[in-house]
Structures are given as C-alpha cells and as structure tokens.
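To keep things clear, I will list the structure first and then write my remarks on it.
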Amino acid sequence: MARKNLLKGLIEGTTEALPPASDAGSRVDSARPRYTTGAIGAVNQSIAALKSRSVADIDTRMIDTAGMRDRLGGADDDLHMLTQSIRDYGQQVPVLLRPNPNDPERYQVVYGRRRVAALKSLGLPVKALVRVLDDRALVIAQGQENAARKDLSFIEKANFARQMRDAGYDRKVICDALHMDKTLISRMLSVTDRIPVDLIEAIGAAPLIGRDRWLALADKIRDRDLLSAAQGASSEARFDAVMAALVTPRPPAPPPRSHKLDSGTELAKSARKAGKTVLTLHSKAAPGFDDWLVENLSQLHRDWLDQCDD
C-alpha cells in the first residue's frame, strides 16, 4: 500500500512540504518535484517533461496579454476569418502561454494572441502549451515565432524590434529574437526612430510595402506631422497617401497662347511645358518666316542678352 501511495504522489505531485507560492519564482519552485536525484527523481523529471509537452485546455478568461505588441491595427477582417475557420474546423495549432508572474492562477500569452481572441469570441477554451518563462525568454520566444511567420510585415517586425529596444533589451537579444543580423535591425530601428509611432499605427501593417519604401518615407518625413494624411481603405493606400502628402504639388502649366498678325490671322501658338516652351508656327500665315526665325534664332538671343546687360 505504501508503494502505491508513493507512485500516486509522483504522478499527482506533492507540494505539502513546500512553502506557499508568493511570487513567480516561488511558484516555479513549488512546481518542482520533491525528489530530484536517484530513480525517484528521474521518474519525477520524466513526468514533468511530459507535462511540459502536453496540450492543456485553458479558459480564455484566465489569459492575459504579455510581451511585445507584434501586430499593428486593421486586422479585424483577418480575425473574423480566423474565427470562422476555428468555428468550422477547430483550433489546429496550440498557442504558447506562461503562468502569470503576478497571479499564479492566471496565464499570459507568449504567442497566439489572435487565436486566443478568436476562441474567446466563440466562448471556447484555448488549446495551449504552458511554459515557465522569464520576461527575456518570453520576448525571445515571441520574436522567434514572429520571425518564422511569413504574414508579419516589415514594419510590424521593425515595430517589434523598437519595443524590445525601448524595454531595455540589448541588440544581441533583439537579433536572437528576430533571427536577424545587427545591420538589418539597425535599419529597422532607423525607420521606427524617424517615423512617429502614432503614424506607423495609423498606417497599419502594410504587408505589400517593403523595407525600401519605408526607408524612403523615413528619409523624407523630417519631423513633418502627417498623421491626418494617413487616410485610405487599406494600409497600403494609407501609406501611399502619406507619401503623396510629402510631394510638393507643381503649379499648373499656363494655358497655350495664341500669337496673331495685325490682320488677326493666327501666326503661332506657344505652350509652356515642364522645363521647355513649345512654339508652333503656321507656315501659311507668313510664308518664309519660320525659316528666317530658325536662321536668326542665335542672333535674336544675342540681341536679348545685350538688352539685359543694358
């Protein structure tokens, strides 16, 4: 009987001899097996490893946000489609959660926020893997998962890097999280440093706008307030509208002029276009004048210069 009770304790976990959990660290300690060496310790560790790889059903009301904000706004339609897909086919891929360091009875999302939001709207539990992670490990896991997702746009990754930098993480951690070298991270941060965060959020993810165009916007913006220009049905349209607002419109070209003889007959028309003036002569109105003008154009220019000097 004693042997059976011992095995039962190994499977169900025994914590009565451990101190109560008062914070994240003590909560991690309380989850450790009592026996860590020998055959019993090996069994305990194997059971703990199996539990860490198992998928649990978690009530969405017990899940809080954590880490960095990876997605920019404007994804309501995508969330609706995801919700519909989960309603029809169920949740196919588990999310990753960690125990909330501030409340041992709750969890925080490491990645899978949209799946959590979709399942919450459906009133269904979330299939999740649960890992005990500190803040650094959390953002590394979140960043690596984001880097592997093809649907995360350049500016969303850049904004994620900015949040990590602003939270105090060094450049190596940011590089490790996003699987990018320091040069690319520096370019990303140069974009988010020059373009205001509120403008980036107003534009949105802009998945069709790549690095070069965001760099061009960062080069041109020069502290101008363009928030009101971010208008459009899609994030790409809002980006284009902001770029268009940076271009100084050219004044309209003057209308063509008609040049007439004393008789009232039209001799020529002149039109000013970009960087040039086009003169169209009517040969029949003054036969031979066009040839004379062409032959004497240089002399006419010299006469004009003499008048300017006077």
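If you're wondering about the labels, chains in the structure tokens are A, B, ... by order shown, residues count from 1 in each chain, ligands from 1 in order shown.
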
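Residues with any atom within 10 Å of Lys273 (chain A), counting only C-alpha atoms and excluding same-chain neighbours fewer than 3 positions away, are Pro252, Ala253, Pro254, Pro255, Pro256, Ser270, Lys276, Thr277 and Val278 of chain A.
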
### Task
Check the DSSP output for the backbone and give back, as number ranges by chain, the residues of region 69-138 of chain A in helix (DSSP H, G or I).
A: 76-89, 113-122, 135-138

Just N, CA and C atoms for this one: save the residues we selected as a CSV table (one decimal), in the first residue's frame.
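Output file again_22.csv follows:
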```
chain,number,residue,atom,x,y,z
A,76,ASP,N,-9.1,43.4,-38.3
A,76,ASP,CA,-10.4,42.9,-37.9
A,76,ASP,C,-11.0,41.9,-38.9
A,77,ASP,N,-10.8,42.2,-40.2
A,77,ASP,CA,-11.3,41.2,-41.2
A,77,ASP,C,-10.5,39.9,-41.1
A,78,ASP,N,-9.2,39.9,-40.9
A,78,ASP,CA,-8.4,38.7,-40.7
A,78,ASP,C,-8.9,37.9,-39.5
A,79,LEU,N,-9.1,38.7,-38.4
A,79,LEU,CA,-9.6,38.0,-37.2
A,79,LEU,C,-10.9,37.3,-37.4
A,80,HIS,N,-11.8,38.0,-38.1
A,80,HIS,CA,-13.1,37.4,-38.4
A,80,HIS,C,-13.0,36.1,-39.2
A,81,MET,N,-12.0,36.1,-40.2
A,81,MET,CA,-11.8,34.9,-41.0
A,81,MET,C,-11.2,33.8,-40.1
A,82,LEU,N,-10.3,34.2,-39.2
A,82,LEU,CA,-9.7,33.1,-38.3
A,82,LEU,C,-10.8,32.6,-37.4
A,83,THR,N,-11.6,33.4,-36.9
A,83,THR,CA,-12.7,33.0,-36.0
A,83,THR,C,-13.6,32.0,-36.8
A,84,GLN,N,-14.0,32.3,-38.0
A,84,GLN,CA,-14.8,31.5,-38.8
A,84,GLN,C,-14.2,30.1,-39.1
A,85,SER,N,-12.9,30.2,-39.3
A,85,SER,CA,-12.1,28.9,-39.6
A,85,SER,C,-12.1,28.0,-38.3
A,86,ILE,N,-11.9,28.6,-37.2
A,86,ILE,CA,-11.8,27.9,-35.9
A,86,ILE,C,-13.2,27.3,-35.6
A,87,ARG,N,-14.3,28.1,-35.9
A,87,ARG,CA,-15.6,27.7,-35.7
A,87,ARG,C,-15.9,26.4,-36.5
A,88,ASP,N,-15.4,26.4,-37.8
A,88,ASP,CA,-15.7,25.3,-38.7
A,88,ASP,C,-14.8,24.1,-38.5
A,89,TYR,N,-13.6,24.3,-38.2
A,89,TYR,CA,-12.6,23.2,-38.2
A,89,TYR,C,-11.9,23.0,-36.8
A,113,ARG,N,-1.9,35.4,-29.9
A,113,ARG,CA,-3.0,36.3,-29.4
A,113,ARG,C,-4.2,36.2,-30.3
A,114,ARG,N,-4.1,36.2,-31.6
A,114,ARG,CA,-5.3,36.2,-32.5
A,114,ARG,C,-6.1,34.9,-32.2
A,115,ARG,N,-5.4,33.8,-32.1
A,115,ARG,CA,-6.2,32.5,-31.8
A,115,ARG,C,-6.9,32.6,-30.4
A,116,VAL,N,-6.3,33.2,-29.4
A,116,VAL,CA,-6.9,33.4,-28.1
A,116,VAL,C,-8.1,34.3,-28.3
A,117,ALA,N,-8.0,35.4,-29.1
A,117,ALA,CA,-9.1,36.4,-29.3
A,117,ALA,C,-10.2,35.7,-30.0
A,118,ALA,N,-9.9,34.9,-31.0
A,118,ALA,CA,-11.0,34.2,-31.8
A,118,ALA,C,-11.7,33.2,-30.9
A,119,LEU,N,-11.0,32.4,-30.1
A,119,LEU,CA,-11.6,31.4,-29.3
A,119,LEU,C,-12.4,32.1,-28.1
A,120,LYS,N,-11.9,33.2,-27.7
A,120,LYS,CA,-12.7,34.0,-26.6
A,120,LYS,C,-14.0,34.4,-27.2
A,121,SER,N,-14.0,34.9,-28.4
A,121,SER,CA,-15.3,35.4,-29.0
A,121,SER,C,-16.2,34.2,-29.2
A,122,LEU,N,-15.7,33.0,-29.4
A,122,LEU,CA,-16.5,31.8,-29.6
A,122,LEU,C,-16.9,31.1,-28.3
A,135,ASP,N,10.8,37.1,-18.4
A,135,ASP,CA,10.5,38.1,-19.4
A,135,ASP,C,11.4,38.0,-20.6
A,136,ARG,N,12.7,37.8,-20.4
A,136,ARG,CA,13.6,37.7,-21.5
A,136,ARG,C,13.3,36.5,-22.4
A,137,ALA,N,13.1,35.3,-21.8
A,137,ALA,CA,12.7,34.2,-22.6
A,137,ALA,C,11.4,34.3,-23.3
A,138,LEU,N,10.5,35.1,-22.7
A,138,LEU,CA,9.2,35.3,-23.3
A,138,LEU,C,9.4,36.1,-24.7
```

### Query
Near region 203-214 of chain A, counting only C-alpha atoms, which residues have an atom at most 12 Å away, once you skip same-chain residues fewer than 6 positions from it, shown as an MDAnalysis selection string?
chainID A and resid 70:76 150:160 184:185 187:197 220:221 226:243

### Task
Within 12 Å of Leu281 (chain A), counting only C-alpha atoms, which residues show up once you throw out same-chain ones fewer than 4 positions away? Write them as a VMD selection string, please.
chain A and resid 258 to 261 265 to 271 285 to 294

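With only C-alpha atoms as the atoms that count, the residue of A:Ala66, A:Ser54, A:Leu129, A:Gly90 with the shortest distance to Asn102 (chain A) is A:Ala66.
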
#### Entry: Separation of CA of Asp59 (chain A) from CA of Pro125 (chain A) in Å
4.7 Å

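Closest approach to Leu96 (chain A) from the set A:Glu201, A:Asp57, A:Asp309, A:Asp262 is made by A:Asp57, with distances taken over only C-alpha atoms.
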
### One-decimal distance in Å that lies between CA of Val132 (chain A) and CA of Ala161 (chain A)
23.1 Å

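Counting only C-alpha atoms, the residue from A:Leu178, A:Ala56, A:Val247, A:Ala202 that sits nearest to Leu217 (chain A) is A:Val247.
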